[in-house]
$ cat work16.tsv   # TSV, C-alpha atoms (C1' of nucleotides)
chain	number	residue	atom	x	y	z
A	1	MET	CA	0.00	0.00	0.00
A	2	SER	CA	1.38	3.31	0.96
A	3	ALA	CA	4.16	4.57	3.05
A	4	HIS	CA	3.74	6.30	6.31
A	5	GLY	CA	1.92	9.56	5.97
A	6	SER	CA	0.31	9.08	2.61
A	7	ALA	CA	-3.39	9.57	2.12
A	8	VAL	CA	-5.81	6.72	2.39
A	9	VAL	CA	-7.05	5.14	-0.75
A	10	LEU	CA	-10.66	4.47	-0.07
A	11	PRO	CA	-12.71	2.49	-2.52
A	12	SER	CA	-14.75	5.36	-3.84
A	13	ARG	CA	-15.13	7.36	-7.01
A	14	SER	CA	-13.47	10.46	-5.70
A	15	PRO	CA	-10.72	10.21	-3.13
A	16	LEU	CA	-11.74	11.93	0.05
A	17	PRO	CA	-9.64	14.52	1.78
A	18	SER	CA	-8.82	11.81	4.28
A	19	PRO	CA	-6.39	11.68	7.16
A	20	PRO	CA	-3.49	9.28	6.66
A	21	VAL	CA	-4.68	5.86	7.73
A	22	ARG	CA	-1.49	4.67	9.36
A	23	LEU	CA	-1.28	7.71	11.54
A	24	LEU	CA	-4.93	7.33	12.40
A	25	GLN	CA	-4.40	3.71	13.39
A	26	ARG	CA	-1.38	4.44	15.51
A	27	THR	CA	-3.11	7.30	17.26
A	28	ILE	CA	-6.20	5.30	18.04
A	29	LEU	CA	-4.39	2.20	19.27
A	30	GLN	CA	-2.18	4.34	21.44
A	31	TRP	CA	-5.21	6.03	22.97
A	32	TYR	CA	-6.87	2.66	23.49
A	33	ARG	CA	-3.97	1.30	25.48
A	34	ARG	CA	-4.32	4.14	27.96
A	35	HIS	CA	-8.02	4.91	27.93
A	36	GLY	CA	-9.80	1.85	26.61
A	37	ARG	CA	-12.66	0.67	28.79
A	38	SER	CA	-12.30	-2.45	30.85
A	39	LEU	CA	-15.45	-4.49	30.31
A	40	PRO	CA	-16.47	-8.00	31.42
A	41	TRP	CA	-16.71	-9.18	27.82
A	42	ARG	CA	-13.33	-7.75	26.87
A	43	GLY	CA	-10.26	-9.90	26.53
A	44	ILE	CA	-12.22	-13.14	26.49
A	45	ARG	CA	-12.89	-15.57	23.66
A	46	ASP	CA	-15.77	-17.72	24.89
A	47	PRO	CA	-18.18	-17.44	21.94
A	48	TYR	CA	-21.26	-17.74	24.17
A	49	ARG	CA	-20.19	-14.87	26.40
A	50	ILE	CA	-19.22	-12.75	23.44
A	51	LEU	CA	-22.47	-13.49	21.65
A	52	LEU	CA	-24.52	-12.77	24.75
A	53	SER	CA	-22.83	-9.43	25.27
A	54	GLU	CA	-23.36	-8.48	21.64
A	55	VAL	CA	-27.05	-9.34	21.69
A	56	MET	CA	-27.53	-7.48	24.96
A	57	LEU	CA	-25.73	-4.47	23.56
A	58	GLN	CA	-28.03	-4.17	20.56
A	59	GLN	CA	-29.55	-0.71	20.94
A	60	THR	CA	-28.70	-0.83	24.61
A	61	GLN	CA	-26.20	1.22	26.59
A	62	VAL	CA	-23.14	-0.41	28.09
A	63	SER	CA	-24.10	0.83	31.55
A	64	ARG	CA	-27.28	-1.21	31.47
A	65	VAL	CA	-25.64	-4.34	30.11
A	66	LEU	CA	-22.99	-4.12	32.82
A	67	VAL	CA	-25.74	-4.76	35.35
A	68	LYS	CA	-27.61	-7.57	33.59
A	69	TYR	CA	-24.76	-9.44	31.93
A	70	PRO	CA	-23.39	-11.08	35.09
A	71	LEU	CA	-26.88	-11.87	36.37
A	72	PHE	CA	-27.88	-13.49	33.11
A	73	LEU	CA	-24.69	-15.54	33.02
A	74	LYS	CA	-25.21	-16.69	36.57
A	75	ARG	CA	-28.67	-17.92	35.64
A	76	PHE	CA	-27.64	-19.36	32.26
A	77	PRO	CA	-23.90	-20.12	32.49
A	78	THR	CA	-23.66	-21.96	29.18
A	79	ILE	CA	-25.48	-21.94	25.89
A	80	ALA	CA	-26.59	-25.48	26.69
A	81	ALA	CA	-28.16	-24.30	29.92
A	82	LEU	CA	-29.88	-21.52	28.03
A	83	ALA	CA	-31.23	-23.97	25.48
A	84	ARG	CA	-32.66	-26.16	28.24
A	85	ALA	CA	-34.35	-23.29	30.07
A	86	ARG	CA	-37.98	-22.31	29.86
A	87	ARG	CA	-38.50	-19.37	27.59
A	88	ALA	CA	-40.50	-17.61	30.31
A	89	ASP	CA	-37.48	-17.72	32.60
A	90	VAL	CA	-35.28	-16.24	29.91
A	91	VAL	CA	-37.77	-13.43	29.37
A	92	ARG	CA	-37.97	-12.83	33.12
A	93	THR	CA	-34.22	-12.64	33.41
A	94	TRP	CA	-34.28	-10.16	30.56
A	95	GLN	CA	-36.16	-7.70	32.76
A	96	GLY	CA	-35.01	-4.13	32.32
A	97	MET	CA	-33.19	-4.77	29.06
A	98	GLY	CA	-35.92	-3.68	26.67
A	99	TYR	CA	-36.72	-5.13	23.24
A	100	ASN	CA	-37.99	-8.37	24.75
A	101	ASN	CA	-38.01	-10.06	21.36
A	102	ARG	CA	-34.28	-10.32	21.81
A	103	ALA	CA	-34.78	-12.68	24.73
A	104	VAL	CA	-37.05	-14.87	22.63
A	105	ARG	CA	-34.60	-14.96	19.75
A	106	LEU	CA	-31.66	-15.58	22.03
A	107	HIS	CA	-33.44	-18.57	23.50
A	108	ALA	CA	-34.33	-19.84	20.03
A	109	LEU	CA	-30.74	-19.31	18.98
A	110	ALA	CA	-29.47	-21.47	21.82
A	111	GLN	CA	-31.81	-24.27	20.86
A	112	GLU	CA	-30.83	-23.99	17.23
A	113	VAL	CA	-27.14	-24.13	18.06
A	114	ALA	CA	-27.81	-27.24	20.11
A	115	ALA	CA	-29.85	-28.87	17.37
A	116	ARG	CA	-27.91	-27.90	14.26
A	117	HIS	CA	-24.41	-27.01	15.34
A	118	LYS	CA	-23.64	-29.63	17.97
A	119	GLY	CA	-23.83	-27.04	20.69
A	120	ARG	CA	-21.05	-24.93	19.18
A	121	ILE	CA	-21.59	-21.39	18.04
A	122	PRO	CA	-20.61	-21.35	14.35
A	123	GLY	CA	-17.66	-19.31	13.14
A	124	THR	CA	-18.74	-18.06	9.75
A	125	GLU	CA	-20.68	-14.94	8.89
A	126	GLU	CA	-23.26	-16.86	6.91
A	127	ALA	CA	-23.96	-19.41	9.63
A	128	LEU	CA	-24.11	-16.70	12.27
A	129	THR	CA	-26.47	-14.39	10.40
A	130	SER	CA	-28.78	-17.31	9.75
A	131	LEU	CA	-29.30	-17.56	13.51
A	132	PRO	CA	-32.24	-15.65	15.02
A	133	GLY	CA	-31.34	-12.21	16.33
A	134	ILE	CA	-27.95	-12.14	14.62
A	135	GLY	CA	-27.50	-9.62	11.83
A	136	THR	CA	-24.47	-8.46	9.90
A	137	TYR	CA	-23.07	-6.29	12.65
A	138	THR	CA	-23.39	-8.84	15.43
A	139	ALA	CA	-22.07	-11.69	13.27
A	140	ARG	CA	-18.95	-9.79	12.29
A	141	ALA	CA	-18.37	-8.52	15.79
A	142	ILE	CA	-18.48	-12.12	17.02
A	143	LEU	CA	-16.08	-13.23	14.30
A	144	CYS	CA	-13.65	-10.57	15.39
A	145	SER	CA	-14.00	-10.93	19.15
A	146	ALA	CA	-14.58	-14.64	19.64
A	147	PHE	CA	-12.79	-16.10	16.64
A	148	GLY	CA	-9.97	-13.60	16.30
A	149	MET	CA	-10.71	-12.81	12.70
A	150	PRO	CA	-9.50	-9.53	11.18
A	151	VAL	CA	-12.87	-8.26	10.08
A	152	SER	CA	-14.37	-4.80	10.11
A	153	PHE	CA	-17.87	-4.00	11.24
A	154	VAL	CA	-20.00	-0.95	11.69
A	155	ASP	CA	-22.19	-0.08	14.63
A	156	VAL	CA	-23.63	3.34	15.36
A	157	ASN	CA	-20.51	4.44	17.24
A	158	ILE	CA	-18.12	3.43	14.50
A	159	ARG	CA	-20.35	4.85	11.81
A	160	ARG	CA	-20.59	8.19	13.58
A	161	LEU	CA	-16.87	8.40	14.27
A	162	LEU	CA	-15.81	7.42	10.75
A	163	SER	CA	-18.39	9.78	9.29
A	164	ARG	CA	-16.94	12.70	11.17
A	165	VAL	CA	-13.30	11.80	10.67
A	166	PHE	CA	-13.50	11.14	6.94
A	167	GLN	CA	-16.33	13.36	5.84
A	168	LYS	CA	-17.22	16.94	6.56
A	169	MET	CA	-20.50	16.63	8.43
A	170	PRO	CA	-22.97	19.51	8.12
A	171	ASP	CA	-24.32	18.90	11.62
A	172	THR	CA	-23.73	16.74	14.65
A	173	GLY	CA	-26.50	14.34	13.71
A	174	SER	CA	-25.68	13.48	10.12
A	175	MET	CA	-23.67	10.45	9.03
A	176	VAL	CA	-22.45	8.89	5.81
A	177	PRO	CA	-24.72	6.23	4.31
A	178	GLU	CA	-24.38	2.77	5.80
A	179	PRO	CA	-22.77	1.18	2.71
A	180	ARG	CA	-20.24	3.97	2.58
A	181	ALA	CA	-19.49	3.54	6.27
A	182	ARG	CA	-18.73	-0.13	5.63
A	183	GLU	CA	-16.34	0.78	2.83
A	184	ILE	CA	-14.51	3.22	5.03
A	185	ALA	CA	-14.39	0.77	7.93
A	186	GLU	CA	-12.94	-1.91	5.69
A	187	ALA	CA	-10.36	0.46	4.23
A	188	ALA	CA	-9.31	1.86	7.58
A	189	LEU	CA	-9.20	-1.47	9.42
A	190	ASP	CA	-5.91	-2.32	11.07
A	191	ARG	CA	-5.84	-6.00	10.19
A	192	THR	CA	-2.95	-6.75	12.50
A	193	HIS	CA	-4.78	-5.36	15.51
A	194	ALA	CA	-8.35	-5.82	14.40
A	195	TYR	CA	-9.79	-6.52	17.83
A	196	ASP	CA	-8.19	-3.59	19.61
A	197	TRP	CA	-8.89	-1.39	16.62
A	198	ASN	CA	-12.59	-2.11	16.55
A	199	GLN	CA	-12.99	-1.91	20.31
A	200	ALA	CA	-11.12	1.38	20.30
A	201	LEU	CA	-13.38	2.87	17.66
A	202	MET	CA	-16.42	1.99	19.72
A	203	ASP	CA	-14.88	3.35	22.91
A	204	ILE	CA	-14.04	6.67	21.34
A	205	GLY	CA	-17.42	6.81	19.66
A	206	ALA	CA	-19.21	6.11	22.92
A	207	THR	CA	-17.21	8.33	25.25
A	208	ILE	CA	-15.76	11.17	23.15
A	209	CYS	CA	-17.21	11.27	19.65
A	210	THR	CA	-20.71	11.21	21.11
A	211	ALA	CA	-23.92	11.89	19.27
A	212	ARG	CA	-24.84	15.13	20.98
A	213	ASN	CA	-21.90	17.04	22.36
A	214	PRO	CA	-18.73	15.53	20.94
A	215	LEU	CA	-15.77	16.30	23.18
A	216	CYS	CA	-13.49	17.31	20.35
A	217	THR	CA	-11.13	19.05	22.75
A	218	ALA	CA	-10.46	15.76	24.49
A	219	CYS	CA	-10.32	13.68	21.33
A	220	PRO	CA	-7.08	12.05	20.26
A	221	LEU	CA	-8.23	12.41	16.67
A	222	ALA	CA	-8.89	16.13	16.80
A	223	ARG	CA	-5.93	16.92	14.57
A	224	LEU	CA	-6.83	14.26	12.05
A	225	CYS	CA	-10.57	14.72	11.99
A	226	ILE	CA	-12.16	16.64	9.16
A	227	SER	CA	-15.13	17.64	11.27
A	228	ALA	CA	-13.37	18.36	14.54
A	229	GLY	CA	-14.85	21.35	16.26
A	230	SER	CA	-16.63	22.46	13.11
A	231	MET	CA	-19.87	20.63	13.38
A	232	GLY	CA	-23.00	22.70	13.10
A	233	ALA	CA	-25.90	22.64	15.50
A	234	PRO	CA	-27.86	19.43	15.96
A	235	ALA	CA	-29.87	18.55	12.88
A	236	PRO	CA	-33.51	19.57	12.53
A	237	THR	CA	-34.34	15.88	13.02
A	238	LYS	CA	-38.00	15.54	12.28
A	239	LYS	CA	-39.21	12.13	13.27
A	240	LYS	CA	-42.31	10.45	11.98
A	241	PRO	CA	-45.07	10.07	14.54
A	242	GLU	CA	-45.28	6.60	15.95
A	243	ARG	CA	-48.45	4.56	16.02
A	244	SER	CA	-49.84	5.23	19.46
A	245	LEU	CA	-52.79	5.35	21.85
A	246	TYR	CA	-53.26	8.45	23.99
A	247	GLY	CA	-49.88	9.61	22.82
A	248	ILE	CA	-48.12	6.49	24.02
A	249	PRO	CA	-46.58	4.14	21.44
A	250	HIS	CA	-47.97	0.61	21.31
A	251	ARG	CA	-44.65	-0.97	22.09
A	252	ILE	CA	-44.73	0.75	25.48
A	253	TYR	CA	-48.01	-0.98	26.26
A	254	ARG	CA	-46.51	-4.24	25.12
A	255	GLY	CA	-43.67	-3.66	27.51
A	256	ARG	CA	-46.12	-3.01	30.33
A	257	ILE	CA	-47.92	-6.25	29.64
A	258	ILE	CA	-44.73	-8.26	29.70
A	259	GLU	CA	-43.69	-6.51	32.89
A	260	GLN	CA	-46.96	-7.46	34.56
A	261	LEU	CA	-46.48	-11.07	33.54
A	262	ARG	CA	-42.96	-11.01	34.90
A	263	LEU	CA	-44.22	-9.77	38.24
A	264	SER	CA	-46.77	-12.53	38.48
A	265	GLY	CA	-45.17	-15.68	39.78
A	266	PRO	CA	-43.53	-18.33	37.64
A	267	ARG	CA	-45.93	-20.35	35.52
A	268	ARG	CA	-48.71	-18.04	36.63
A	269	ALA	CA	-51.42	-17.13	34.17
A	270	LEU	CA	-53.35	-13.88	34.46
A	271	PRO	CA	-56.87	-13.23	33.23
A	272	LEU	CA	-56.62	-11.22	30.06
A	273	ALA	CA	-59.19	-8.76	31.33
A	274	SER	CA	-57.23	-8.04	34.51
A	275	LEU	CA	-54.33	-6.77	32.46
A	276	GLY	CA	-56.29	-3.91	30.90
A	277	PRO	CA	-56.34	-1.48	33.83
A	278	LYS	CA	-52.79	-2.38	34.82
A	279	VAL	CA	-51.56	-1.36	31.43
A	280	LEU	CA	-53.91	1.48	30.51
A	281	PRO	CA	-55.22	3.56	33.45
A	282	GLN	CA	-58.40	4.63	31.68
A	283	PHE	CA	-59.06	1.13	30.42
A	284	GLY	CA	-62.69	0.57	29.53
A	285	PRO	CA	-64.92	-1.87	27.65
A	286	ARG	CA	-64.14	-0.15	24.37
A	287	HIS	CA	-60.47	-1.05	24.74
A	288	THR	CA	-60.96	-4.81	24.83
A	289	GLY	CA	-60.41	-5.13	21.12
A	290	TRP	CA	-57.26	-3.08	21.32
A	291	LEU	CA	-55.91	-5.19	24.17
A	292	GLU	CA	-56.81	-8.34	22.28
A	293	ARG	CA	-54.85	-7.24	19.25
A	294	LEU	CA	-51.89	-6.26	21.36
A	295	MET	CA	-51.91	-9.68	22.95
A	296	LYS	CA	-52.11	-11.46	19.62
A	297	GLY	CA	-49.01	-9.62	18.54
A	298	LEU	CA	-47.16	-10.71	21.65
A	299	GLU	CA	-48.29	-14.27	21.03
A	300	ARG	CA	-47.06	-14.15	17.44
A	301	ASP	CA	-43.70	-12.96	18.75
A	302	GLY	CA	-43.47	-15.96	21.03
A	303	LEU	CA	-43.52	-13.85	24.16
A	304	VAL	CA	-46.85	-14.93	25.62
A	305	ARG	CA	-49.27	-17.82	25.47
A	306	ILE	CA	-53.00	-17.28	25.45
A	307	THR	CA	-55.23	-20.05	26.74
A	308	SER	CA	-58.64	-20.42	28.29
A	309	ARG	CA	-59.53	-21.36	31.87
A	310	ARG	CA	-63.17	-22.01	32.55
A	311	GLY	CA	-64.12	-20.05	29.51
A	312	ILE	CA	-62.16	-16.90	30.32
A	313	PRO	CA	-59.00	-16.07	28.37
A	314	VAL	CA	-55.80	-16.12	30.42
A	315	VAL	CA	-52.29	-15.08	29.51
A	316	ARG	CA	-48.83	-16.16	30.61
A	317	LEU	CA	-45.26	-15.83	29.47
A	318	ALA	CA	-44.56	-18.35	26.75
B	1	DC	C1'	-37.83	-0.86	2.92
B	2	DA	C1'	-40.29	1.72	6.20
B	3	DA	C1'	-42.18	0.45	10.34
B	4	DC	C1'	-41.85	-2.09	14.30
B	5	DC	C1'	-39.67	-3.67	18.49
B	6	DG	C1'	-38.34	-1.32	25.31
B	7	DT	C1'	-36.34	0.94	28.74
B	8	DG	C1'	-34.41	4.38	31.28
B	9	DG	C1'	-30.66	7.85	31.75
B	10	DA	C1'	-28.96	12.26	29.99
B	11	DG	C1'	-29.33	16.96	28.41
C	1	DT	C1'	-41.28	18.38	31.16
C	2	DC	C1'	-39.84	16.58	27.03
C	3	DT	C1'	-36.81	14.99	23.45
C	4	DC	C1'	-32.99	12.35	22.21
C	5	DC	C1'	-30.51	8.32	22.16
C	6	DA	C1'	-28.38	3.74	22.97
C	7	DA	C1'	-22.50	-2.20	20.40
C	8	DG	C1'	-29.47	-3.58	15.70
C	9	DG	C1'	-32.61	-7.13	13.82
C	10	DT	C1'	-36.76	-8.55	11.48
C	11	DT	C1'	-40.60	-8.21	8.39
$ encode --input "work16.tsv" --output "structure tokens"
Amino acid sequence: MSAHGSAVVLPSRSPLPSPPVRLLQRTILQWYRRHGRSLPWRGIRDPYRILLSEVMLQQTQVSRVLVKYPLFLKRFPTIAALARARRADVVRTWQGMGYNNRAVRLHALAQEVAARHKGRIPGTEEALTSLPGIGTYTARAILCSAFGMPVSFVDVNIRRLLSRVFQKMPDTGSMVPEPRAREIAEAALDRTHAYDWNQALMDIGATICTARNPLCTACPLARLCISAGSMGAPAPTKKKPERSLYGIPHRIYRGRIIEQLRLSGPRRALPLASLGPKVLPQFGPRHTGWLERLMKGLERDGLVRITSRRGIPVVRLA
DNA sequence: CAACCGTGGAG
DNA sequence: TCTCCAAGGTT
């Protein structure tokens, strides 16, 4: 490739005014050695523990995972133990993590690994992404962390950081398109220190190159970054209204239902009708259809089971 | 592919 | 109080 100090050659039509890659790599790895975070899933190779951390970290802050990760592992120490467990127990243990479908998929994943992979988490991107709850990002992160492969991957932290470093961003919120981010990540990857490199990018993205108020003054990349200090105000960010009832998104009600079922004892079924008021304060007869539909959705997702006791519908965690 | 899927801390 | 956002994945 190029000698020290030359510009990066990124696979794109027009070469970007990019910082020299080697210098960037050295700077980042140096910073990582001093300031990299020490996390329970760092410096280990156990594929189950790596996979669990990655799934937990999907759209979820590190601070929250730090609390649940050890508890979950204590309850389900191995992927075999997880596969054997009742789904309801997995969902209960997932309490506080959000996106409860992840718990369902994680449980299904464990059973699939037991059934189709002899209990071993597979080590190829294709096999991994074919597992429930594992997408491109998670698969590649696992390949890098658990199997020591020199692969690049892009999460929101890495995408934001690379966007700012390699592209002049009009505002703090904007980022390069996902496909472009993958190109840049692949071109910038330090293949001889892939693990540290990727972890470092995420650490800087999460603690310095943050979404709202990037701490450019404390950033080791300030001198190399195209956007350093010169990012406009936060974008206008107009979000589309979410499907909701009384201003509250449906998924929040779903969460409330699951929470109620968690609180009820193990194997305990609750009358469907009793859930209404617990989930919607002003619950009335005209909301029964709404509640019914909500419950059907949860049942489709494998989170709850709806049965009938003495003619009245009852619900429990699946 | 746009919409859906939780939860709670931070600003 | 209210909005934003977080190691994404699935349909």
$ residues_around --input "work16.tsv" --residues "DC4 (chain C)" --least-positions-apart "4" --cutoff "9 Å" --atoms "all atoms listed in the file" --output "PyMOL selection string"
(chain A and resi 212) or (chain B and resi 10-11)
$ atom_distance --input "work16.tsv" --atom1 "CA of Ala103 (chain A)" --atom2 "CA of Ala200 (chain A)"
27.9 Å
$ residues_around --input "work16.tsv" --residues "DA7 (chain C)" --least-positions-apart "2" --cutoff "7 Å" --atoms "all atoms listed in the file" --output "list in words"
Glu54, Leu57, Gln58 and Asp155 of chain A
$ interface_residues --input "work16.tsv" --of "chain A" --to "chain C" --cutoff "9 Å" --atoms "all atoms listed in the file" --output "PDB file with C-alpha atoms, keeping the file's coordinate frame"
ATOM      1  CA  SER A  53     -22.830  -9.430  25.270  1.00  0.00           C
ATOM      2  CA  GLU A  54     -23.360  -8.480  21.640  1.00  0.00           C
ATOM      3  CA  VAL A  55     -27.050  -9.340  21.690  1.00  0.00           C
ATOM      4  CA  MET A  56     -27.530  -7.480  24.960  1.00  0.00           C
ATOM      5  CA  LEU A  57     -25.730  -4.470  23.560  1.00  0.00           C
ATOM      6  CA  GLN A  58     -28.030  -4.170  20.560  1.00  0.00           C
ATOM      7  CA  GLN A  59     -29.550  -0.710  20.940  1.00  0.00           C
ATOM      8  CA  THR A  60     -28.700  -0.830  24.610  1.00  0.00           C
ATOM      9  CA  GLN A  61     -26.200   1.220  26.590  1.00  0.00           C
ATOM     10  CA  VAL A  62     -23.140  -0.410  28.090  1.00  0.00           C
ATOM     11  CA  ARG A 102     -34.280 -10.320  21.810  1.00  0.00           C
ATOM     12  CA  PRO A 132     -32.240 -15.650  15.020  1.00  0.00           C
ATOM     13  CA  GLY A 133     -31.340 -12.210  16.330  1.00  0.00           C
ATOM     14  CA  ILE A 134     -27.950 -12.140  14.620  1.00  0.00           C
ATOM     15  CA  GLY A 135     -27.500  -9.620  11.830  1.00  0.00           C
ATOM     16  CA  TYR A 137     -23.070  -6.290  12.650  1.00  0.00           C
ATOM     17  CA  THR A 138     -23.390  -8.840  15.430  1.00  0.00           C
ATOM     18  CA  ALA A 141     -18.370  -8.520  15.790  1.00  0.00           C
ATOM     19  CA  ASP A 155     -22.190  -0.080  14.630  1.00  0.00           C
ATOM     20  CA  VAL A 156     -23.630   3.340  15.360  1.00  0.00           C
ATOM     21  CA  ASN A 157     -20.510   4.440  17.240  1.00  0.00           C
ATOM     22  CA  MET A 202     -16.420   1.990  19.720  1.00  0.00           C
ATOM     23  CA  ALA A 211     -23.920  11.890  19.270  1.00  0.00           C
ATOM     24  CA  ARG A 212     -24.840  15.130  20.980  1.00  0.00           C
TER      25      ARG A 212
END
$ interface_residues --input "work16.tsv" --of "chain B" --to "chain A" --cutoff "9 Å" --atoms "only C-alpha atoms (C1' of nucleotides)" --output "ChimeraX atom specification"
/B:3-8,11
